[in-house]
$ cat my_file_19.txt   # compact mmCIF, C-alpha atoms
# COMPACT_ATOMS: atom_id res chain seq x y z
CA MET A 926 0.00 0.00 0.00
CA ALA A 927 1.46 3.33 -1.09
CA LEU A 928 0.93 6.46 1.02
CA ILE A 929 0.93 9.59 -1.12
CA ASP A 930 0.78 13.19 0.08
CA CYS A 931 -0.63 15.18 -2.81
CA LYS A 932 -0.46 18.97 -3.10
CA PHE A 933 -2.56 20.52 -5.83
CA LEU A 934 -4.17 23.78 -6.87
CA SER A 935 -7.91 23.99 -6.27
CA GLU A 936 -9.64 26.10 -8.89
CA THR A 937 -12.76 26.15 -6.71
CA LEU A 938 -11.02 27.49 -3.60
CA GLY A 939 -8.37 29.49 -5.43
CA MET A 940 -5.54 28.13 -3.31
CA ALA A 941 -3.17 25.23 -2.82
CA CYS A 942 -4.81 22.21 -1.19
CA SER A 943 -3.77 18.83 0.20
CA MET A 944 -5.01 15.27 0.21
CA ARG A 945 -3.44 12.10 1.53
CA VAL A 946 -4.06 8.96 -0.52
CA LEU A 947 -3.62 5.29 0.30
CA LEU A 948 -3.28 3.37 -2.95
CA PRO A 949 -2.85 -0.37 -3.58
CA GLU A 950 0.53 -1.03 -5.16
CA PRO A 951 0.71 -3.09 -8.37
CA THR A 952 2.98 -6.11 -8.53
CA ARG A 953 5.44 -6.71 -11.37
CA GLY A 954 3.65 -7.54 -14.60
CA GLN A 955 0.21 -6.70 -13.22
CA ALA A 956 -2.00 -4.67 -15.53
CA GLN A 957 -3.14 -1.34 -14.14
CA ARG A 958 -6.71 -1.38 -12.88
CA LEU A 959 -9.09 1.14 -11.39
CA HIS A 960 -9.60 0.66 -7.65
CA PRO A 961 -12.72 0.98 -5.51
CA VAL A 962 -12.36 4.20 -3.52
CA LEU A 963 -13.34 5.43 -0.08
CA PHE A 964 -13.37 9.20 0.39
CA LEU A 965 -12.59 9.49 4.10
CA LEU A 966 -13.32 12.82 5.80
CA HIS A 967 -11.69 14.34 8.88
CA GLY A 968 -13.23 16.02 11.91
CA LEU A 969 -13.40 19.64 12.98
CA SER A 970 -9.91 20.06 14.43
CA ASP A 971 -8.08 17.69 12.06
CA ASP A 972 -6.65 17.65 8.55
CA GLU A 973 -5.88 15.14 5.80
CA THR A 974 -3.22 13.41 7.92
CA ALA A 975 -5.38 12.60 10.95
CA TRP A 976 -6.68 9.19 9.92
CA THR A 977 -3.21 7.80 9.26
CA ARG A 978 -1.63 9.53 12.29
CA PHE A 979 -4.12 8.50 14.93
CA SER A 980 -5.61 5.21 13.70
CA GLY A 981 -4.34 1.97 12.21
CA LEU A 982 -6.07 2.70 8.90
CA GLU A 983 -3.04 1.94 6.75
CA ARG A 984 -2.78 -1.54 8.28
CA TYR A 985 -6.51 -2.16 8.05
CA VAL A 986 -6.68 -1.56 4.29
CA GLN A 987 -3.45 -3.41 3.53
CA GLU A 988 -5.20 -6.54 2.28
CA LEU A 989 -8.08 -4.75 0.58
CA ASP A 990 -8.24 -3.65 -3.03
CA LEU A 991 -9.35 -0.21 -1.85
CA ALA A 992 -7.95 3.26 -2.38
CA VAL A 993 -8.58 5.82 0.36
CA VAL A 994 -8.67 9.55 -0.42
CA MET A 995 -8.44 11.91 2.56
CA PRO A 996 -8.85 15.60 1.67
CA CYS A 997 -8.31 18.62 3.90
CA ALA A 998 -11.39 20.80 4.36
CA HIS A 999 -10.40 22.72 7.51
CA ARG A 1000 -13.35 23.82 9.74
CA SER A 1001 -15.80 24.17 6.86
CA TYR A 1002 -18.43 21.54 7.67
CA TYR A 1003 -17.99 20.57 4.01
CA THR A 1004 -20.20 23.54 3.16
CA ASN A 1005 -20.09 26.61 0.93
CA MET A 1006 -19.40 28.97 3.81
CA THR A 1007 -21.36 32.18 4.22
CA HIS A 1008 -18.12 33.92 5.24
CA GLY A 1009 -15.39 31.79 3.73
CA TYR A 1010 -14.74 29.37 0.91
CA ARG A 1011 -16.80 27.05 -1.31
CA TYR A 1012 -15.87 23.79 0.37
CA TRP A 1013 -19.06 21.99 -0.69
CA ASP A 1014 -18.30 22.67 -4.36
CA PHE A 1015 -14.73 21.57 -3.70
CA VAL A 1016 -15.48 18.24 -2.00
CA SER A 1017 -18.60 17.31 -4.01
CA ASP A 1018 -17.19 18.10 -7.44
CA GLU A 1019 -13.57 19.15 -7.86
CA LEU A 1020 -12.16 16.59 -5.43
CA LEU A 1021 -13.90 13.80 -7.33
CA TYR A 1022 -12.69 14.66 -10.82
CA LYS A 1023 -9.23 15.76 -9.73
CA SER A 1024 -8.47 12.67 -7.62
CA ARG A 1025 -9.76 10.43 -10.42
CA ALA A 1026 -7.55 12.24 -12.93
CA LEU A 1027 -4.46 11.90 -10.74
CA PHE A 1028 -4.93 8.33 -9.46
CA PRO A 1029 -6.34 5.05 -10.84
CA LEU A 1030 -9.73 5.30 -9.10
CA SER A 1031 -12.96 3.74 -10.24
CA THR A 1032 -15.68 6.08 -11.45
CA GLN A 1033 -18.41 3.48 -10.95
CA ARG A 1034 -21.04 4.35 -8.38
CA GLU A 1035 -20.99 0.78 -7.04
CA LEU A 1036 -17.28 1.19 -6.18
CA THR A 1037 -17.39 4.72 -4.72
CA PHE A 1038 -17.94 5.23 -0.98
CA VAL A 1039 -17.65 8.02 1.59
CA ALA A 1040 -17.16 8.01 5.37
CA GLY A 1041 -16.03 10.35 8.10
CA LEU A 1042 -15.89 11.13 11.81
CA SER A 1043 -17.62 13.95 13.69
CA MET A 1044 -17.75 16.90 11.25
CA GLY A 1045 -16.65 14.40 8.60
CA GLY A 1046 -19.52 12.09 9.52
CA TYR A 1047 -21.88 14.94 8.76
CA GLY A 1048 -20.03 15.59 5.50
CA ALA A 1049 -20.20 11.92 4.48
CA LEU A 1050 -23.97 11.71 4.98
CA LYS A 1051 -24.45 15.05 3.25
CA LEU A 1052 -22.48 13.88 0.22
CA ALA A 1053 -24.26 10.55 -0.12
CA LEU A 1054 -27.75 11.98 0.43
CA SER A 1055 -27.08 14.86 -1.99
CA LYS A 1056 -25.27 12.79 -4.65
CA PRO A 1057 -26.82 9.31 -4.59
CA ASP A 1058 -25.82 8.78 -8.23
CA THR A 1059 -22.17 9.06 -7.17
CA PHE A 1060 -21.92 7.24 -3.82
CA ALA A 1061 -23.11 3.68 -3.20
CA ALA A 1062 -22.53 3.80 0.56
CA ALA A 1063 -21.82 6.29 3.34
CA ALA A 1064 -20.71 5.82 6.94
CA SER A 1065 -20.84 8.32 9.80
CA MET A 1066 -18.80 7.74 12.96
CA SER A 1067 -19.79 10.02 15.87
CA GLY A 1068 -21.19 12.35 13.24
CA ALA A 1069 -22.47 15.88 13.83
CA CYS A 1070 -25.83 14.68 12.56
CA ASP A 1071 -27.88 17.35 14.32
CA LEU A 1072 -26.42 20.76 13.53
CA ALA A 1073 -28.62 22.38 16.15
CA SER A 1074 -25.79 21.32 18.45
CA LEU A 1075 -23.76 24.13 16.87
CA ALA A 1076 -25.76 26.60 18.95
CA ASP A 1077 -22.97 26.59 21.54
CA ARG A 1078 -20.53 27.72 18.83
CA PRO A 1079 -22.15 30.96 17.63
CA GLU A 1080 -19.06 32.28 15.82
CA GLU A 1081 -18.63 29.06 13.89
CA LEU A 1082 -22.32 28.97 13.06
CA ARG A 1083 -22.09 32.51 11.72
CA LEU A 1084 -19.00 31.89 9.60
CA VAL A 1085 -20.27 28.67 8.02
CA PHE A 1086 -24.05 29.04 7.83
CA GLY A 1087 -24.71 32.72 8.58
CA ASP A 1088 -27.28 31.81 11.24
CA ALA A 1089 -29.34 28.84 12.41
CA ALA A 1090 -31.77 29.26 9.50
CA GLY A 1091 -28.82 29.03 7.14
CA ILE A 1092 -28.39 25.33 7.95
CA ARG A 1093 -31.59 24.60 6.06
CA THR A 1094 -31.24 27.18 3.31
CA SER A 1095 -27.67 26.00 2.59
CA GLY A 1096 -28.99 22.54 1.73
CA GLY A 1097 -27.15 21.13 4.73
CA ASP A 1098 -30.01 19.80 6.86
CA LEU A 1099 -29.53 16.01 6.85
CA THR A 1100 -33.14 15.27 7.76
CA GLU A 1101 -34.41 17.32 4.81
CA LEU A 1102 -31.96 15.61 2.48
CA ALA A 1103 -32.96 12.16 3.73
CA ARG A 1104 -36.67 12.94 3.46
CA ALA A 1105 -36.34 14.19 -0.11
CA LEU A 1106 -34.23 11.22 -1.23
CA ALA A 1107 -36.54 8.69 0.43
CA HIS A 1108 -39.40 9.94 -1.76
CA SER A 1109 -37.38 9.95 -4.97
CA ARG A 1110 -37.23 7.14 -7.53
CA GLY A 1111 -33.48 7.16 -8.05
CA PRO A 1112 -30.77 5.06 -6.40
CA LYS A 1113 -30.27 5.33 -2.66
CA PRO A 1114 -26.96 4.78 -0.83
CA LYS A 1115 -26.47 2.24 1.91
CA LEU A 1116 -26.08 4.11 5.21
CA PHE A 1117 -24.10 3.19 8.32
CA GLN A 1118 -24.13 5.27 11.50
CA SER A 1119 -22.32 4.60 14.76
CA CYS A 1120 -21.71 6.52 17.97
CA GLY A 1121 -20.25 5.86 21.41
CA THR A 1122 -22.60 5.79 24.38
CA GLU A 1123 -20.41 8.29 26.23
CA ASP A 1124 -20.09 10.61 23.21
CA VAL A 1125 -21.20 14.23 23.56
CA LEU A 1126 -22.96 13.88 20.18
CA LEU A 1127 -24.92 10.76 21.11
CA ALA A 1128 -28.29 12.50 21.48
CA GLY A 1129 -27.99 14.09 18.05
CA ASN A 1130 -27.07 10.73 16.51
CA GLN A 1131 -30.09 9.12 18.13
CA ARG A 1132 -32.38 11.84 16.84
CA PHE A 1133 -31.12 11.30 13.30
CA ARG A 1134 -31.47 7.53 13.74
CA ASP A 1135 -35.08 7.90 14.84
CA PHE A 1136 -35.81 10.13 11.85
CA VAL A 1137 -34.14 8.07 9.12
CA SER A 1138 -35.01 4.55 10.34
CA PRO A 1139 -38.61 4.55 9.00
CA LEU A 1140 -37.68 6.02 5.60
CA GLY A 1141 -36.80 2.73 3.91
CA PHE A 1142 -33.04 3.13 3.42
CA ASP A 1143 -30.66 0.19 3.63
CA TYR A 1144 -29.59 1.54 6.99
CA LEU A 1145 -27.57 0.20 9.93
CA TYR A 1146 -27.16 1.95 13.27
CA GLU A 1147 -24.78 0.83 16.01
CA GLU A 1148 -23.82 2.27 19.37
CA GLY A 1149 -21.60 0.91 22.11
CA PRO A 1150 -19.12 1.99 24.77
CA GLY A 1151 -16.95 4.87 23.62
CA GLN A 1152 -16.27 8.57 23.73
CA HIS A 1153 -15.57 11.24 21.12
CA ASP A 1154 -11.98 10.13 20.66
CA TRP A 1155 -9.57 8.12 18.54
CA ALA A 1156 -9.89 4.99 20.65
CA TYR A 1157 -13.49 4.77 19.45
CA TRP A 1158 -12.80 5.83 15.85
CA ASP A 1159 -9.94 3.37 15.44
CA ALA A 1160 -12.36 0.56 16.22
CA ALA A 1161 -15.17 2.16 14.22
CA ILE A 1162 -13.21 2.44 10.97
CA GLN A 1163 -12.47 -1.30 11.13
CA ARG A 1164 -16.19 -1.94 11.41
CA VAL A 1165 -16.88 0.38 8.48
CA LEU A 1166 -14.34 -1.39 6.27
CA ARG A 1167 -16.02 -4.72 7.00
CA TRP A 1168 -19.41 -3.21 6.20
CA LEU A 1169 -18.49 -1.61 2.87
CA PRO A 1170 -19.95 -3.47 -0.14
CA LEU A 1171 -16.56 -4.21 -1.68
CA PRO A 1172 -16.34 -6.71 -4.55
$ encode --input "my_file_19.txt" --output "structure tokens"
Amino acid sequence: MALIDCKFLSETLGMACSMRVLLPEPTRGQAQRLHPVLFLLHGLSDDETAWTRFSGLERYVQELDLAVVMPCAHRSYYTNMTHGYRYWDFVSDELLYKSRALFPLSTQRELTFVAGLSMGGYGALKLALSKPDTFAAAASMSGACDLASLADRPEELRLVFGDAAGIRTSGGDLTELARALAHSRGPKPKLFQSCGTEDVLLAGNQRFRDFVSPLGFDYLYEEGPGQHDWAYWDAAIQRVLRWLPLP
């Protein structure tokens, strides 16, 4: 498994950006092939290096034919910020075509997945519910699934969404996205959601669970002992990798 730190110019953001990529290495004489890909998103205080610094991710994917793309999106909530940059356009569009142009990644929906922790869990669900033609499965670990919890961070709420009403008008309300997709006729992603029972975001995860469970998605929810920390996420990512519908 190759670990690649990629620096590139984002036309969307107008600045240099970073992503870390785990890529299966070909053996001698093996024809190049396009790999299934997991876009793996970081949390609020992290960057593109967090998953490989603080978990055993590189070991866990060693025997899988799976590429992992980890972009940096700072404290954006994977959203076109009211006072900031267009991170939703970046992660939902430019990141996809640029990573596929630079690396041998599959473009098939059935082989394209997204996951994340905390802020990244929110971003993963937002991507899959907004772009079901692109992502076959999405996993949220300790996700910020109920953005009303941002009320204790008024400055962050203002910078990203403008105000509480901006969560809905930005297209970032997960319940609205899930409701709309449930009543559509198109493809629907498999969804996985997990949270620790000692996690500060547990109540928000349970509220999203109670909302989405009756909507008819292929949906799995798990909770067990754990806090909002890397001990929990290291175990959770192993569970996610087992759950992914890999060939």
$ closest_atom_pairs --input "my_file_19.txt" --of "range 981-1050 of chain A" --to "range 1162-1165 of chain A" --cutoff "10 Å" --atoms "all atoms listed in the file" --output "tab-separated table"
residue	atom	partner	partner_atom	distance
A:Gly981	CA	A:Gln1163	CA	8.8
A:Leu982	CA	A:Ile1162	CA	7.4
A:Tyr985	CA	A:Gln1163	CA	6.8
A:Val986	CA	A:Gln1163	CA	9.0
A:Ala1040	CA	A:Val1165	CA	8.2
A:Gly1041	CA	A:Ile1162	CA	8.9
A:Leu1042	CA	A:Ile1162	CA	9.1
$ closest_residue --input "my_file_19.txt" --among "A:Gly1129, A:Gly1149, A:Gly1141, A:Gly1087" --to "Leu1106 in chain A" --atoms "all atoms listed in the file"
A:Gly1141
$ closest_residue --input "my_file_19.txt" --among "A:Phe964, A:Phe1086, A:Phe1060, A:Trp1168" --to "Met1006 in chain A" --atoms "only C-alpha atoms"
A:Phe1086
$ atom_distance --input "my_file_19.txt" --atom1 "CA of Pro1172 in chain A" --atom2 "CA of Pro1029 in chain A"
16.7 Å
$ atom_distance --input "my_file_19.txt" --atom1 "CA of Cys1120 in chain A" --atom2 "CA of Gly1091 in chain A"
26.0 Å
$ closest_atom_pairs --input "my_file_19.txt" --of "range 1095-1160 of chain A" --to "range 1071-1081 of chain A" --cutoff "10 Å" --atoms "only C-alpha atoms" --output "CSV"
residue,atom,partner,partner_atom,distance
A:Gly1097,CA,A:Leu1072,CA,8.8
A:Asp1098,CA,A:Leu1072,CA,7.6
A:Leu1099,CA,A:Asp1071,CA,7.8
A:Thr1100,CA,A:Asp1071,CA,8.7
A:Val1125,CA,A:Ser1074,CA,9.9
A:Leu1126,CA,A:Ser1074,CA,8.1
A:Leu1127,CA,A:Asp1071,CA,9.9
A:Ala1128,CA,A:Asp1071,CA,8.7
A:Gly1129,CA,A:Asp1071,CA,5.0
A:Asn1130,CA,A:Asp1071,CA,7.0
A:Gln1131,CA,A:Asp1071,CA,9.3
A:Arg1132,CA,A:Asp1071,CA,7.5
A:Phe1133,CA,A:Asp1071,CA,6.9
$ atom_distance --input "my_file_19.txt" --atom1 "CA of Ser970 in chain A" --atom2 "CA of Met926 in chain A"
26.6 Å
$ closest_residue --input "my_file_19.txt" --among "A:Phe1028, A:Tyr1022, A:Tyr1157, A:Phe1038" --to "Arg945 in chain A" --atoms "all atoms listed in the file"
A:Phe1028
$ residues_near_point --input "my_file_19.txt" --point "(-27.7, 6.4, -5.7)" --cutoff "6 Å" --atoms "all atoms listed in the file" --output "mmCIF file with C-alpha atoms, in the coordinates of the input"
data_model
loop_
_atom_site.group_PDB
_atom_site.id
_atom_site.type_symbol
_atom_site.label_atom_id
_atom_site.label_comp_id
_atom_site.auth_asym_id
_atom_site.auth_seq_id
_atom_site.Cartn_x
_atom_site.Cartn_y
_atom_site.Cartn_z
ATOM 1 C CA PRO A 1057 -26.820 9.310 -4.590
ATOM 2 C CA ASP A 1058 -25.820 8.780 -8.230
ATOM 3 C CA ALA A 1061 -23.110 3.680 -3.200
ATOM 4 C CA PRO A 1112 -30.770 5.060 -6.400
ATOM 5 C CA LYS A 1113 -30.270 5.330 -2.660
ATOM 6 C CA PRO A 1114 -26.960 4.780 -0.830
#
$ residues_around --input "my_file_19.txt" --residues "His999 in chain A" --least-positions-apart "5" --cutoff "8 Å" --atoms "only C-alpha atoms" --output "VMD selection string"
chain A and resid 969 to 972
$ closest_residue --input "my_file_19.txt" --among "A:Asp1014, A:Glu973, A:Glu1101, A:Asp1088" --to "Leu1140 in chain A" --atoms "only C-alpha atoms"
A:Glu1101
